[in-house]
file model.cif (mmCIF, C-alpha atoms)
data_model
loop_
_atom_site.label_atom_id
_atom_site.label_comp_id
_atom_site.auth_asym_id
_atom_site.auth_seq_id
_atom_site.Cartn_x
_atom_site.Cartn_y
_atom_site.Cartn_z
CA MET E 1 103.45 251.26 -29.60
CA SER E 2 104.21 249.37 -26.41
CA ASN E 3 105.89 250.91 -23.38
CA ARG E 4 108.95 248.73 -23.89
CA ARG E 5 109.36 249.98 -27.43
CA ARG E 6 108.89 253.57 -26.34
CA ILE E 7 111.55 253.22 -23.65
CA GLY E 8 113.92 251.51 -26.09
CA ARG E 9 113.36 254.27 -28.64
CA ALA E 10 113.89 256.98 -26.00
CA TRP E 11 117.14 255.31 -24.91
CA ALA E 12 118.31 255.01 -28.51
CA ASP E 13 117.59 258.70 -29.10
CA LEU E 14 119.67 259.84 -26.12
CA PRO E 15 123.04 261.36 -26.89
CA LEU E 16 126.11 259.26 -26.07
CA ARG E 17 127.08 261.63 -23.24
CA ALA E 18 123.73 261.11 -21.50
CA LYS E 19 124.00 257.32 -21.89
CA GLY E 20 127.50 257.46 -20.43
CA LEU E 21 126.27 259.46 -17.46
CA VAL E 22 123.52 256.93 -16.81
CA VAL E 23 125.96 254.01 -17.06
CA VAL E 24 128.35 255.71 -14.60
CA ALA E 25 125.61 256.96 -12.28
CA ILE E 26 124.11 253.52 -11.61
CA PRO E 27 127.23 252.00 -9.96
CA LEU E 28 127.91 255.27 -8.14
CA LEU E 29 124.40 255.21 -6.73
CA ALA E 30 124.90 251.61 -5.61
CA LEU E 31 128.19 252.58 -3.96
CA LEU E 32 126.53 255.51 -2.21
CA LEU E 33 123.71 253.31 -0.92
CA ALA E 34 126.20 250.70 0.30
CA THR E 35 128.19 253.40 2.10
CA VAL E 36 125.08 254.76 3.81
CA GLY E 37 124.03 251.24 4.77
CA PHE E 38 127.48 250.55 6.21
CA GLY E 39 127.32 253.78 8.21
CA VAL E 40 123.93 252.85 9.64
CA ALA E 41 125.15 249.36 10.55
CA LEU E 42 128.26 250.82 12.19
CA ALA E 43 126.15 253.22 14.28
CA GLN E 44 123.89 250.36 15.39
CA ASP E 45 126.95 248.28 16.30
CA ARG E 46 128.34 251.09 18.42
CA ARG E 47 125.03 251.48 20.24
CA ALA E 48 124.90 247.73 20.87
CA GLN E 49 128.46 247.74 22.21
CA GLY E 50 127.54 250.60 24.53
CA ALA E 51 124.56 248.65 25.81
CA VAL E 52 126.73 245.58 26.44
CA LEU E 53 129.30 247.65 28.34
CA HIS E 54 126.52 249.19 30.42
CA THR E 55 125.11 245.75 31.20
CA VAL E 56 128.52 244.46 32.27
CA GLU E 57 128.99 247.49 34.55
CA VAL E 58 125.57 246.98 36.14
CA GLU E 59 126.32 243.29 36.69
CA ARG E 60 129.63 244.24 38.34
CA GLN E 61 127.86 246.67 40.66
CA ILE E 62 125.25 244.04 41.54
CA ALA E 63 128.00 241.56 42.37
CA GLU E 64 129.64 244.12 44.65
CA VAL E 65 126.35 244.75 46.47
CA ARG E 66 125.77 240.98 46.84
CA ILE E 67 129.21 240.58 48.38
CA LEU E 68 128.57 243.47 50.79
CA VAL E 69 125.13 242.10 51.73
CA GLN E 70 126.49 238.60 52.24
CA ALA E 71 129.33 239.95 54.38
CA GLY E 72 126.83 241.97 56.40
CA VAL E 73 124.52 239.01 56.96
CA THR E 74 127.35 236.73 58.11
CA GLY E 75 128.95 239.48 60.17
CA THR E 76 132.36 239.28 58.51
CA CYS E 77 132.57 243.00 57.83
#
call {"tool": "encode", "arguments": {"input": "model.cif", "output": "structure tokens"}}
result
Amino acid sequence: MSNRRRIGRAWADLPLRAKGLVVVAIPLLALLLATVGFGVALAQDRRAQGAVLHTVEVERQIAEVRILVQAGVTGTC
């Protein structure tokens, strides 16, 4: 007997309650995996936003230092 036949026979021999549980469990598992994937993507997005905000703050500080240095070099302080 081939594996396919064995699996088909095992599925046919399962009680209706077990088949129902399998049919309900598959979409629930997909939903759970999608939820976990969304959570991971959301966490990565938050980290990326934090990095962008940090970069913008560093650029602002650099611009302030450049202005101070330029004012110091030209003597307009």
call {"tool": "atom_distance", "arguments": {"input": "model.cif", "atom1": "atom CA of E:Arg5", "atom2": "atom CA of E:Lys19"}}
result
17.3 Å
call {"tool": "atom_distance", "arguments": {"input": "model.cif", "atom1": "atom CA of E:Trp11", "atom2": "atom CA of E:Ile26"}}
result
15.1 Å
call {"tool": "atom_distance", "arguments": {"input": "model.cif", "atom1": "atom CA of E:Val58", "atom2": "atom CA of E:Ala41"}}
result
25.7 Å
